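What follows is one structure encoded as structure tokens, with my remarks underneath.
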Amino acid sequence: MDIPNGKIHVFLDAVQALANEACDKIDRETESVRAQRLQALESEAKKRSEAFAAYEISRIDADFNREISDLEEASRKRLTERRDALEAQVFDRVRARLARFTASDAYRTFLEASAKKAVAAVGGGDVTVYLREADLPLADAVLAACSGKASIEADSSIALGGLKVRSGAGLLADDTLDARVETQKARFLSVSGLSLEEEQA
């Protein structure tokens with residue numbers, strides 16, 4: 001049976017239209033899937049990028065903080081060394097002047113006045129006076145300055161001079177040049193501005 005030519009064209013056009021519609025539908029679905037996958041990939045890439053950026057920022061912050069801490073520590077160390085050198089220089093001069101003073105006649109008068117003051121500070125009575133070994137030749141003058149019964153003993157802890165007095169009850173008055181220098185050291189650091197913040201806190 002022969003099919004008229006016109007009907008074949010109509011049939012073929014209908015098949016072509018169905019095929020085109022099916023292709024368009026497949027194209028739309030493919031584009032939709034591609035867009036969804038692309039969006040998912042972009043979202044994942046963004047998350048990874050943000051996580052990497054946060055990690056890098058954190059690492060850079062940690063490195064920077066460590067470097068700042070190292071610089072502060074090095075600076076503190078240099079300041080401490082400089083301060084210690086200045087302190088040593090100043091107090092070496094002080095010790096030299098004290099050595100000249102303890103070799104002078106004025107030192108005997110100083111020891112006598114110191115003994116009177118220290119004996120009074122511990123309440124008088126029987127006392128023991130402690131002198132450095134080099135000052136033992138001045139023991140008689142020191143004893144004469146003490147009221148009440150007194151004895152003299154050498155004290156190796158006294159390096160610069162001066163004396164200590166201990167009462168029979170155990171009270172101690174320290175009027176050594178060593179103690180005076182230590183007190184002046186703390187005062188010197190504070191007044192001179194050489195005291196570091198950590199030590200003031």
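Following the order of the structure tokens, first chain is A, next is B, and so on, with residues numbered from 1 inside each chain and ligands from 1 in the order they appear.
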
Review point. Quick one: residues within 9 Å of Glu153 in chain A, only C-alpha atoms counted, chain neighbours fewer than 6 positions away excluded, as a list in words?
Key: Thr128, Val129, Tyr130, Leu131, Arg132, Glu133 and Leu136 of chain A

Check your understanding: Among range 116-151 of chain A, which ones does DSSP place in alpha helix (DSSP H), written as a ChimeraX atom specification?
Key -> /A:116-121,139-145

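For the set A:Thr183, A:Ala120, A:Ser167, A:Ser157, the residue with the smallest atom-to-atom gap to Ala145 in chain A is A:Ala120, counting only C-alpha atoms.
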
Practice item. Please run DSSP on the backbone and report, as a list in words, all residues within chain A that come out as strand (DSSP E). Key: Val127, Thr128, Val129, Tyr130, Leu131, Ala150, Ser151, Ile152, Glu153, Ala154, Gly162, Leu163, Lys164, Val165, Arg166, Ser167, Leu172, Ala173, Asp174, Asp175 and Thr176 of chain A
